[in-house]
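Asks: My structure file data_2.pdb, PDB, C-alpha atoms, is below:
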```
ATOM      1  CA  MET W  21      72.482 173.178 133.911
ATOM      2  CA  GLN W  22      68.899 173.368 135.040
ATOM      3  CA  ASP W  23      67.970 170.529 132.699
ATOM      4  CA  ARG W  24      70.655 168.254 133.981
ATOM      5  CA  LYS W  25      69.578 168.880 137.556
ATOM      6  CA  SER W  26      65.957 168.018 136.871
ATOM      7  CA  LEU W  27      67.029 164.947 134.905
ATOM      8  CA  GLN W  28      69.039 163.868 137.893
ATOM      9  CA  LEU W  29      66.066 164.467 140.135
ATOM     10  CA  ILE W  30      63.808 162.442 137.894
ATOM     11  CA  THR W  31      66.302 159.600 137.741
ATOM     12  CA  THR W  32      66.599 159.578 141.511
ATOM     13  CA  ALA W  33      62.859 159.630 141.871
ATOM     14  CA  ILE W  34      62.513 156.701 139.477
ATOM     15  CA  ALA W  35      65.202 154.786 141.352
ATOM     16  CA  VAL W  36      63.458 155.414 144.664
ATOM     17  CA  CYS W  37      60.130 154.320 143.209
ATOM     18  CA  LEU W  38      61.667 151.175 141.773
ATOM     19  CA  ALA W  39      63.301 150.334 145.049
ATOM     20  CA  ALA W  40      60.010 150.822 146.875
ATOM     21  CA  LEU W  41      58.210 148.671 144.318
ATOM     22  CA  LEU W  42      60.797 145.933 144.603
ATOM     23  CA  GLY W  43      60.517 146.078 148.345
ATOM     24  CA  ALA W  44      56.747 145.752 148.142
ATOM     25  CA  CYS W  45      57.037 142.908 145.689
ATOM     26  CA  LYS W  46      59.492 141.157 147.923
ATOM     27  CA  LYS W  47      57.265 141.488 150.962
ATOM     28  CA  GLY W  48      54.221 139.945 149.210
ATOM     29  CA  PRO W  49      55.674 136.567 148.285
ATOM     30  CA  ASP W  50      57.359 136.285 151.667
ATOM     31  CA  ASP W  51      54.100 136.576 153.560
ATOM     32  CA  ALA W  52      52.365 134.236 151.130
ATOM     33  CA  ALA W  53      55.193 131.734 151.498
ATOM     34  CA  LEU W  54      54.968 131.929 155.272
ATOM     35  CA  THR W  55      51.209 131.330 155.144
ATOM     36  CA  ALA W  56      51.800 128.319 152.898
ATOM     37  CA  SER W  57      54.488 126.963 155.224
ATOM     38  CA  VAL W  58      52.253 127.311 158.275
ATOM     39  CA  LYS W  59      49.393 125.608 156.439
ATOM     40  CA  SER W  60      51.518 122.710 155.285
ATOM     41  CA  GLN W  61      52.985 122.303 158.766
ATOM     42  CA  LEU W  62      49.423 122.162 160.163
ATOM     43  CA  SER W  63      48.394 119.637 157.507
ATOM     44  CA  ALA W  64      51.400 117.496 158.286
ATOM     45  CA  GLN W  65      50.409 117.411 161.948
ATOM     46  CA  SER W  66      46.679 117.027 161.377
ATOM     47  CA  PRO W  67      44.695 117.531 158.172
ATOM     48  CA  ALA W  68      41.574 117.996 160.284
ATOM     49  CA  LEU W  69      43.179 120.773 162.312
ATOM     50  CA  ALA W  70      44.478 122.431 159.154
ATOM     51  CA  SER W  71      40.971 122.473 157.719
ATOM     52  CA  MET W  72      39.635 124.316 160.769
ATOM     53  CA  VAL W  73      42.353 126.970 161.015
ATOM     54  CA  ASN W  74      42.571 130.011 158.785
ATOM     55  CA  VAL W  75      46.076 131.449 158.350
ATOM     56  CA  GLU W  76      46.981 135.017 157.370
ATOM     57  CA  THR W  77      50.421 136.612 157.346
ATOM     58  CA  LYS W  78      51.279 140.313 157.256
ATOM     59  CA  GLU W  79      54.887 141.408 157.420
ATOM     60  CA  GLY W  80      55.899 138.149 159.038
ATOM     61  CA  VAL W  81      53.178 138.236 161.667
ATOM     62  CA  VAL W  82      50.934 135.168 161.412
ATOM     63  CA  THR W  83      47.306 135.487 162.509
ATOM     64  CA  LEU W  84      45.256 132.344 163.170
ATOM     65  CA  THR W  85      41.461 132.503 163.045
ATOM     66  CA  GLY W  86      38.644 129.982 163.093
ATOM     67  CA  THR W  87      37.077 127.660 165.641
ATOM     68  CA  VAL W  88      38.698 124.553 167.050
ATOM     69  CA  ASP W  89      37.473 121.825 169.395
ATOM     70  CA  ASN W  90      39.535 122.502 172.492
ATOM     71  CA  ASP W  91      42.426 124.419 174.066
ATOM     72  CA  SER W  92      44.995 121.819 173.136
ATOM     73  CA  ALA W  93      44.095 122.145 169.445
ATOM     74  CA  LYS W  94      44.362 125.913 169.807
ATOM     75  CA  SER W  95      47.857 125.748 171.253
ATOM     76  CA  GLN W  96      48.903 123.000 168.853
ATOM     77  CA  ALA W  97      48.091 125.305 165.941
ATOM     78  CA  GLU W  98      49.992 128.173 167.574
ATOM     79  CA  GLN W  99      53.071 126.046 168.203
ATOM     80  CA  ALA W 100      52.996 124.799 164.628
ATOM     81  CA  ALA W 101      52.999 128.394 163.348
ATOM     82  CA  LYS W 102      55.744 129.486 165.744
ATOM     83  CA  GLY W 103      57.942 126.656 164.546
ATOM     84  CA  ILE W 104      58.160 128.084 161.022
ATOM     85  CA  ALA W 105      61.358 129.997 160.248
ATOM     86  CA  ASN W 106      60.966 133.769 159.631
ATOM     87  CA  VAL W 107      57.647 133.961 161.455
ATOM     88  CA  LYS W 108      58.072 137.073 163.598
ATOM     89  CA  SER W 109      55.142 136.388 165.893
ATOM     90  CA  VAL W 110      51.828 134.570 166.021
ATOM     91  CA  VAL W 111      48.512 136.190 166.867
ATOM     92  CA  ASN W 112      46.294 133.367 168.049
ATOM     93  CA  ASN W 113      42.709 134.485 167.489
ATOM     94  CA  LEU W 114      41.331 130.932 167.365
ATOM     95  CA  SER W 115      38.151 130.445 169.306
ATOM     96  CA  VAL W 116      37.425 127.259 171.198
ATOM     97  CA  LYS W 117      34.036 125.519 171.281
ATOM     98  CA  PRO W 118      32.328 125.542 174.658
ATOM     99  CA  PRO W 119      33.027 122.306 176.541
ATOM    100  CA  ILE W 120      30.531 119.457 176.313
ATOM    101  CA  VAL W 121      28.524 119.050 179.488
ATOM    102  CA  VAL W 122      27.141 115.604 180.264
ATOM    103  CA  SER W 123      24.342 114.540 182.576
ATOM    104  CA  GLU W 124      24.908 113.339 186.115
ATOM    105  CA  ASP W 125      25.931 109.715 186.626
ATOM    106  CA  PRO W 126      22.552 108.327 187.787
ATOM    107  CA  LYS W 127      20.848 109.900 184.766
ATOM    108  CA  ILE W 128      23.418 108.429 182.394
ATOM    109  CA  LYS W 129      23.094 105.044 184.070
ATOM    110  CA  SER W 130      19.333 104.923 183.713
ATOM    111  CA  ALA W 131      19.609 106.085 180.086
ATOM    112  CA  VAL W 132      22.070 103.263 179.334
ATOM    113  CA  GLU W 133      19.798 100.752 181.013
ATOM    114  CA  ALA W 134      16.781 101.988 179.060
ATOM    115  CA  GLY W 135      18.866 101.694 175.894
ATOM    116  CA  LEU W 136      19.952  98.147 176.704
ATOM    117  CA  ALA W 137      16.286  97.224 177.140
ATOM    118  CA  LYS W 138      15.318  99.021 173.922
ATOM    119  CA  TYR W 139      17.982  97.183 171.932
ATOM    120  CA  ASN W 140      17.135  93.954 173.717
ATOM    121  CA  VAL W 141      20.653  93.448 175.039
ATOM    122  CA  LYS W 142      20.975  90.989 177.884
ATOM    123  CA  GLY W 143      23.818  90.097 180.217
ATOM    124  CA  VAL W 144      25.444  93.538 180.144
ATOM    125  CA  THR W 145      26.137  95.672 183.212
ATOM    126  CA  ALA W 146      26.745  99.394 182.937
ATOM    127  CA  ASN W 147      28.743 101.208 185.587
ATOM    128  CA  VAL W 148      28.868 104.976 185.442
ATOM    129  CA  SER W 149      31.462 107.051 187.204
ATOM    130  CA  ASP W 150      32.415 110.662 186.545
ATOM    131  CA  GLY W 151      30.360 110.667 183.368
ATOM    132  CA  GLN W 152      32.129 107.610 182.024
ATOM    133  CA  VAL W 153      30.265 104.403 181.154
ATOM    134  CA  THR W 154      31.975 101.049 181.577
ATOM    135  CA  LEU W 155      30.273  98.026 180.078
ATOM    136  CA  THR W 156      30.980  94.590 181.465
ATOM    137  CA  GLY W 157      29.462  91.198 180.823
ATOM    138  CA  GLU W 158      29.391  88.697 178.033
ATOM    139  CA  ILE W 159      27.634  89.166 174.701
ATOM    140  CA  PRO W 160      27.618  87.645 171.251
ATOM    141  CA  ARG W 161      29.423  89.743 168.631
ATOM    142  CA  ALA W 162      26.119  90.336 166.846
ATOM    143  CA  LYS W 163      24.946  92.324 169.862
ATOM    144  CA  LEU W 164      28.127  94.369 170.344
ATOM    145  CA  GLN W 165      26.864  97.342 168.313
ATOM    146  CA  ASP W 166      23.544  97.345 170.137
ATOM    147  CA  ALA W 167      25.243  97.359 173.531
ATOM    148  CA  MET W 168      27.521 100.182 172.376
ATOM    149  CA  LYS W 169      24.574 102.125 170.926
ATOM    150  CA  ALA W 170      22.806 101.918 174.276
ATOM    151  CA  ALA W 171      25.878 103.316 176.032
ATOM    152  CA  ASN W 172      26.709 105.948 173.403
ATOM    153  CA  GLU W 173      23.159 107.248 173.213
ATOM    154  CA  ALA W 174      23.195 108.078 176.909
ATOM    155  CA  ASN W 175      25.687 110.737 175.757
ATOM    156  CA  PRO W 176      28.387 110.131 178.366
ATOM    157  CA  LYS W 177      31.936 111.517 178.436
ATOM    158  CA  LYS W 178      33.370 108.218 177.397
ATOM    159  CA  VAL W 179      32.400 104.590 176.810
ATOM    160  CA  VAL W 180      34.780 101.906 177.998
ATOM    161  CA  ASN W 181      33.973  98.531 176.514
ATOM    162  CA  GLN W 182      35.130  95.702 178.764
ATOM    163  CA  LEU W 183      32.623  93.243 177.355
ATOM    164  CA  THR W 184      33.669  89.722 176.654
ATOM    165  CA  ILE W 185      32.712  89.141 173.039
ATOM    166  CA  LYS W 186      31.723  85.571 172.409
TER     167      LYS W 186
ATOM    168  CA  MET L   5      43.714 114.432 166.438
ATOM    169  CA  LEU L   6      40.881 111.930 166.601
ATOM    170  CA  ARG L   7      39.226 113.775 163.756
ATOM    171  CA  ASP L   8      41.985 112.376 161.573
ATOM    172  CA  LYS L   9      41.593 108.829 162.855
ATOM    173  CA  TYR L  10      37.838 108.945 162.258
ATOM    174  CA  GLN L  11      38.015 111.068 159.124
ATOM    175  CA  SER L  12      35.997 108.595 157.024
ATOM    176  CA  LEU L  13      33.262 108.405 159.662
ATOM    177  CA  ILE L  14      33.051 112.202 159.827
ATOM    178  CA  ALA L  15      32.983 112.493 156.043
ATOM    179  CA  MET L  16      30.200 109.913 155.884
ATOM    180  CA  ALA L  17      28.160 111.743 158.534
ATOM    181  CA  GLU L  18      28.643 115.045 156.725
ATOM    182  CA  SER L  19      27.600 113.637 153.369
ATOM    183  CA  SER L  20      24.656 111.494 154.441
ATOM    184  CA  GLY L  21      22.276 114.195 155.568
ATOM    185  CA  VAL L  22      22.720 113.919 159.335
ATOM    186  CA  ALA L  23      20.898 116.933 160.769
ATOM    187  CA  ASP L  24      22.276 119.129 163.571
ATOM    188  CA  LEU L  25      25.588 117.350 163.288
ATOM    189  CA  THR L  26      28.078 118.440 165.922
ATOM    190  CA  ILE L  27      31.561 117.035 166.177
ATOM    191  CA  GLN L  28      33.906 117.897 168.998
ATOM    192  CA  GLU L  29      36.956 116.309 170.485
ATOM    193  CA  GLN L  30      37.164 116.610 174.240
ATOM    194  CA  ASP L  31      39.465 114.818 176.676
ATOM    195  CA  ASN L  32      40.590 112.432 173.946
ATOM    196  CA  VAL L  33      37.076 111.421 173.016
ATOM    197  CA  LEU L  34      35.459 112.387 169.725
ATOM    198  CA  HIS L  35      31.843 113.318 170.355
ATOM    199  CA  MET L  36      29.504 113.073 167.384
ATOM    200  CA  ASN L  37      25.887 114.070 167.815
ATOM    201  CA  GLY L  38      23.141 114.433 165.278
ATOM    202  CA  THR L  39      19.955 113.137 163.775
ATOM    203  CA  ALA L  40      20.255 110.620 160.974
ATOM    204  CA  PRO L  41      17.584 110.855 158.276
ATOM    205  CA  THR L  42      16.867 107.124 158.491
ATOM    206  CA  GLU L  43      17.683 104.084 160.595
ATOM    207  CA  ALA L  44      19.696 102.796 157.619
ATOM    208  CA  VAL L  45      21.957 105.860 157.626
ATOM    209  CA  LYS L  46      22.509 105.496 161.352
ATOM    210  CA  GLN L  47      23.391 101.826 160.828
ATOM    211  CA  GLN L  48      25.764 102.715 158.011
ATOM    212  CA  LEU L  49      27.599 105.107 160.331
ATOM    213  CA  TRP L  50      27.777 102.490 163.072
ATOM    214  CA  ASP L  51      29.145  99.988 160.600
ATOM    215  CA  GLU L  52      31.841 102.460 159.573
ATOM    216  CA  TYR L  53      32.745 103.099 163.210
ATOM    217  CA  ASN L  54      32.813  99.349 163.759
ATOM    218  CA  ARG L  55      35.042  98.914 160.705
ATOM    219  CA  LEU L  56      37.553 101.435 162.081
ATOM    220  CA  ASP L  57      37.454  99.888 165.554
ATOM    221  CA  PRO L  58      36.410  96.241 165.144
ATOM    222  CA  ASP L  59      36.062  95.413 168.844
ATOM    223  CA  MET L  60      35.037  98.953 169.780
ATOM    224  CA  ARG L  61      37.525  99.062 172.614
ATOM    225  CA  SER L  62      39.341 102.314 171.856
ATOM    226  CA  ALA L  63      37.016 104.292 174.151
ATOM    227  CA  ASP L  64      37.615 107.401 172.052
ATOM    228  CA  VAL L  65      34.229 107.924 170.377
ATOM    229  CA  VAL L  66      30.784 108.804 171.634
ATOM    230  CA  LEU L  67      28.471 108.357 168.658
ATOM    231  CA  ASN L  68      25.075 109.619 169.721
ATOM    232  CA  LEU L  69      22.701 109.497 166.780
ATOM    233  CA  ASP L  70      18.978 109.990 166.764
ATOM    234  CA  VAL L  71      16.834 109.001 163.848
ATOM    235  CA  ALA L  72      14.560 111.642 162.362
ATOM    236  CA  ALA L  73      10.949 111.141 163.355
ATOM    237  CA  ALA L  74       9.907 111.785 159.763
ATOM    238  CA  SER L  75      11.424 108.482 158.720
ATOM    239  CA  GLU L  76       8.956 106.652 160.912
ATOM    240  CA  VAL L  77       6.314 104.881 158.965
ATOM    241  CA  PHE L  78       3.193 103.463 160.524
ATOM    242  CA  TYR L  79       1.068 100.603 159.333
ATOM    243  CA  THR L  80      -2.463  99.970 160.486
ATOM    244  CA  VAL L  81      -3.108  96.294 161.005
ATOM    245  CA  ALA L  82      -5.882  94.911 158.808
ATOM    246  CA  PRO L  83      -7.848  91.732 159.502
ATOM    247  CA  GLY L  84      -5.816  88.701 158.520
ATOM    248  CA  ASP L  85      -2.448  90.434 158.841
ATOM    249  CA  SER L  86       0.534  88.841 160.501
ATOM    250  CA  LEU L  87       3.868  90.457 161.306
ATOM    251  CA  SER L  88       5.649  88.485 158.621
ATOM    252  CA  LYS L  89       3.031  89.423 156.071
ATOM    253  CA  ILE L  90       3.368  93.104 156.956
ATOM    254  CA  ALA L  91       7.145  92.796 156.757
ATOM    255  CA  THR L  92       6.943  91.671 153.115
ATOM    256  CA  LYS L  93       5.419  95.033 152.226
ATOM    257  CA  TYR L  94       8.563  96.923 153.187
ATOM    258  CA  LYS L  95      12.083  96.810 151.858
ATOM    259  CA  GLY L  96      14.600  95.185 154.174
ATOM    260  CA  VAL L  97      12.164  94.862 157.041
ATOM    261  CA  THR L  98      11.727  91.565 158.865
ATOM    262  CA  TRP L  99       8.900  90.614 161.219
ATOM    263  CA  GLN L 100      11.490  90.543 164.007
ATOM    264  CA  LYS L 101      12.364  94.192 163.351
ATOM    265  CA  ILE L 102       8.704  95.184 163.472
ATOM    266  CA  PHE L 103       8.271  93.201 166.665
ATOM    267  CA  GLU L 104      11.323  94.901 168.229
ATOM    268  CA  ALA L 105      10.068  98.349 167.266
ATOM    269  CA  ASN L 106       6.657  97.714 168.795
ATOM    270  CA  ARG L 107       7.459  95.839 171.962
ATOM    271  CA  ASP L 108       5.522  98.472 173.849
ATOM    272  CA  GLN L 109       2.295  97.244 172.261
ATOM    273  CA  ILE L 110       3.049  93.701 171.087
ATOM    274  CA  LYS L 111       3.670  91.137 173.773
ATOM    275  CA  ASN L 112       3.245  88.061 171.612
ATOM    276  CA  PRO L 113       4.435  88.335 167.993
ATOM    277  CA  ASP L 114       1.685  85.933 166.921
ATOM    278  CA  LEU L 115      -0.989  88.173 168.331
ATOM    279  CA  ILE L 116      -1.722  91.475 166.635
ATOM    280  CA  HIS L 117      -5.078  93.167 166.365
ATOM    281  CA  PRO L 118      -6.803  94.918 163.451
ATOM    282  CA  GLY L 119      -6.558  98.675 163.914
ATOM    283  CA  GLN L 120      -3.266  98.563 165.787
ATOM    284  CA  LYS L 121      -0.825 101.166 164.472
ATOM    285  CA  LEU L 122       2.581  99.530 164.142
ATOM    286  CA  ARG L 123       5.816 101.421 163.790
ATOM    287  CA  ILE L 124       7.757 100.185 160.777
ATOM    288  CA  PRO L 125      11.446 100.750 161.450
ATOM    289  CA  ASP L 126      13.047 102.494 158.505
ATOM    290  CA  GLY L 127       9.994 101.624 156.477
ATOM    291  CA  VAL L 128      10.395 102.053 152.752
ATOM    292  CA  LYS L 129       7.533 100.612 150.766
ATOM    293  CA  ASN L 130       8.513  97.551 148.858
ATOM    294  CA  ALA L 131       8.376  98.212 145.138
ATOM    295  CA  ARG L 132       7.383  94.619 144.515
ATOM    296  CA  PHE L 133       3.930  95.413 145.786
ATOM    297  CA  PRO L 134       2.827  98.707 144.317
ATOM    298  CA  SER L 135      -0.364  99.988 145.862
ATOM    299  CA  PRO L 136      -2.815  99.072 143.031
ATOM    300  CA  PHE L 137      -2.117  95.421 143.701
ATOM    301  CA  GLN L 138      -2.108  95.640 147.421
ATOM    302  CA  GLY L 139      -5.814  94.855 147.751
ATOM    303  CA  ASN L 140      -5.438  91.753 145.683
ATOM    304  CA  PHE L 141      -2.370  90.700 147.510
ATOM    305  CA  SER L 142      -3.980  90.801 150.932
ATOM    306  CA  ARG L 143      -7.011  88.879 149.716
ATOM    307  CA  VAL L 144      -4.830  86.109 148.369
ATOM    308  CA  VAL L 145      -2.913  85.779 151.587
ATOM    309  CA  ARG L 146      -5.936  86.050 153.823
ATOM    310  CA  ASN L 147      -6.581  82.325 153.460
ATOM    311  CA  ARG L 148      -3.202  81.614 154.920
ATOM    312  CA  ALA L 149      -3.600  84.119 157.692
ATOM    313  CA  ASN L 150      -4.208  81.524 160.343
ATOM    314  CA  ARG L 151      -1.021  79.752 159.569
ATOM    315  CA  ARG L 152       1.895  80.861 161.635
ATOM    316  CA  PRO L 153       4.560  81.853 159.161
ATOM    317  CA  HIS L 154       7.186  82.022 161.847
ATOM    318  CA  ALA L 155       8.193  79.694 164.594
ATOM    319  CA  ASP L 156       8.021  80.841 168.164
TER     320      ASP L 156
END
```
Could you write out this file's structure as C-alpha cells?
Replies:
Amino acid sequence: MQDRKSLQLITTAIAVCLAALLGACKKGPDDAALTASVKSQLSAQSPALASMVNVETKEGVVTLTGTVDNDSAKSQAEQAAKGIANVKSVVNNLSVKPPIVVSEDPKIKSAVEAGLAKYNVKGVTANVSDGQVTLTGEIPRAKLQDAMKAANEANPKKVVNQLTIK
Amino acid sequence: MLRDKYQSLIAMAESSGVADLTIQEQDNVLHMNGTAPTEAVKQQLWDEYNRLDPDMRSADVVLNLDVAAASEVFYTVAPGDSLSKIATKYKGVTWQKIFEANRDQIKNPDLIHPGQKLRIPDGVKNARFPSPFQGNFSRVVRNRANRRPHAD
C-alpha cells in the first residue's frame, strides 16, 4: 500500500518535471525565433540598421539595444519589432547619437570660398543659408569633384549642386 | 537609410584606414567625417561617391575628409631643379600637382629657388630612382636645367 503510494508520488513528480522541462524547452526556441524574425525584418528594411541594432527576446518581450544615427532610425527599429507576430512588447533601449552641429552661415561660406581657391575652382558661386550650401555657376566636369570637395569640406548640413556641368 | 545607398562608400572608408571616421545620417544627409591616410585614399573615396552619384546632385552626402599630415612629404629644392624634374622623383606626381600644392610660395612655376621646401602632394618616392642613383641622376639633368620642360 505504502509502496504503491510512493510510486504514484514519484510518477507524478516525474510527470511534473517533464512538463516543466517541456515548457522550458518550448519557451527557448520561441524567443530565439522571435529574435530571428525581428532581425530579418530589420535586415529587409535596412541592412545598415540591422547591423547597428542588437535584438534580445525574453518571454516574448523584445529588447533593442545599440546606437543609431537619429530618432527616426530608433523608431523605425521599434516599429519593425512591433510588427512581428507573437511579440508581446518592445523595450526600446536604443541610444541616438548627438545631433551634428554645423558652423554659422558666414563661417561656412568663407570656408567654401577658401576651398574653391585651394582647389583652383573658378566660376562657382556658393550661397549658404541655414547651414546649407548651394553651388551655382558653370564648370567643366573635370572640376566637379573639386567644387564639391570645397563645399563638403566646409562641413555644412547639406550641399546642393546646381552647377551647370559643361 | 542612406547608409544602405552608400554602403560601398562606407565599406571603403572603413577598410582603407580613415582615422576618426564618423558616419551619421541626419535630416536625410549622410555625414562622413575622417582623416584619410593619404591623398590617394581620399581621391579613391571621392571617386566611389562620384560613381554612385555621377552628377553629384542627390544632395544627400557631406563627405568631409582631411588628409593625415604624416602623408605630407617635403622636398628641398636643389640647384638646377625644376618642378617637372622634381615630379619625376615621385610616383604619380606631376609638376602641376606640386605647383598647386605650393601656390602659397610659388607664383611662377618656372621660378623656384634652391633651399625652398616644397610640399609633395601624396608623395611616394618613385622606385625608378632609388636613392643611390639620385646624385648621378641630378648631375645628368643639370645640363638641361635651363630648358623649360613645360610650356607656360
Asks: Hey, what comes out of the PyMOL selection byres ((chain W and resi 176) around 8) on this file? Could you write it as a PyMOL selection string?
Replies: (chain W and resi 122-123+128+151-153+171-175+177-179) or (chain L and resi 66)
Asks: So which residues get picked by the ChimeraX specification (/W :<8) & /L here, written as JSON, numbers by chain?
Replies: {"L": [5, 7, 8, 11, 28, 29, 30, 33, 50, 54, 60, 61, 62, 63, 64, 65, 66, 67, 68, 69, 104]}
Asks: Find the spatial neighbours of His117 in chain L, counting only C-alpha atoms, within a cut-off of 12 Å - ignore same-chain residues fewer than 6 positions away - and output them as a list in words.
Replies: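 Residues near the query, excluding close chain neighbours: Tyr79, Thr80, Val81, Ala82, Pro83, Gly84, Asp85, Ser86, Leu87, Gln109, Ile110 and Lys111 of chain L.
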Asks: For the residues in that selection, give me C-alpha atoms as a JSON list (two decimals), keeping the file's coordinate frame.
Replies:
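Resulting contents of selection.json:
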```
[["chain", "number", "residue", "atom", "x", "y", "z"],
["L", 79, "TYR", "CA", 1.07, 100.60, 159.33],
["L", 80, "THR", "CA", -2.46, 99.97, 160.49],
["L", 81, "VAL", "CA", -3.11, 96.29, 161.00],
["L", 82, "ALA", "CA", -5.88, 94.91, 158.81],
["L", 83, "PRO", "CA", -7.85, 91.73, 159.50],
["L", 84, "GLY", "CA", -5.82, 88.70, 158.52],
["L", 85, "ASP", "CA", -2.45, 90.43, 158.84],
["L", 86, "SER", "CA", 0.53, 88.84, 160.50],
["L", 87, "LEU", "CA", 3.87, 90.46, 161.31],
["L", 109, "GLN", "CA", 2.30, 97.24, 172.26],
["L", 110, "ILE", "CA", 3.05, 93.70, 171.09],
["L", 111, "LYS", "CA", 3.67, 91.14, 173.77]]
```
Asks: What's the separation between CA of Lys94 in chain W and CA of Val73 in chain W, in Å to one decimal place?
Replies: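 So the answer is 9.1 Å.
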Asks: So which residues touch Asp51 in chain W within 10 Å, counting all atoms listed in the file, skipping near sequence neighbours fewer than 4 positions away, as a ChimeraX atom specification?
Replies: /W:46-47,55-57,76-82,106-107
Asks: So which residues are close to (43.7, 134.4, 166.1), meaning at most 10 Å away in the file's coordinates with only C-alpha atoms counted, and can you show them as a PDB file with C-alpha atoms, keeping the file's coordinate frame?
Replies:
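Final output, selection-v2.pdb:
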```pdb
ATOM      1  CA  VAL W  73      42.353 126.970 161.015  1.00  0.00           C
ATOM      2  CA  ASN W  74      42.571 130.011 158.785  1.00  0.00           C
ATOM      3  CA  VAL W  75      46.076 131.449 158.350  1.00  0.00           C
ATOM      4  CA  GLU W  76      46.981 135.017 157.370  1.00  0.00           C
ATOM      5  CA  VAL W  82      50.934 135.168 161.412  1.00  0.00           C
ATOM      6  CA  THR W  83      47.306 135.487 162.509  1.00  0.00           C
ATOM      7  CA  LEU W  84      45.256 132.344 163.170  1.00  0.00           C
ATOM      8  CA  THR W  85      41.461 132.503 163.045  1.00  0.00           C
ATOM      9  CA  GLY W  86      38.644 129.982 163.093  1.00  0.00           C
ATOM     10  CA  THR W  87      37.077 127.660 165.641  1.00  0.00           C
ATOM     11  CA  LYS W  94      44.362 125.913 169.807  1.00  0.00           C
ATOM     12  CA  GLU W  98      49.992 128.173 167.574  1.00  0.00           C
ATOM     13  CA  VAL W 110      51.828 134.570 166.021  1.00  0.00           C
ATOM     14  CA  VAL W 111      48.512 136.190 166.867  1.00  0.00           C
ATOM     15  CA  ASN W 112      46.294 133.367 168.049  1.00  0.00           C
ATOM     16  CA  ASN W 113      42.709 134.485 167.489  1.00  0.00           C
ATOM     17  CA  LEU W 114      41.331 130.932 167.365  1.00  0.00           C
ATOM     18  CA  SER W 115      38.151 130.445 169.306  1.00  0.00           C
TER      19      SER W 115
END
```
Asks: What is the CA of Asp57 in chain L to CA of Ser149 in chain W distance in Å?
Replies: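 Going from CA of Asp57 in chain L over to CA of Ser149 in chain W, I get 23.6 Å.
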Asks: Can you tell me how far CA of Ala44 in chain L sits from CA of Gly96 in chain L, in Å to one decimal?
Replies: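 CA of Gly96 in chain L lies at a distance of 9.8 Å from CA of Ala44 in chain L.
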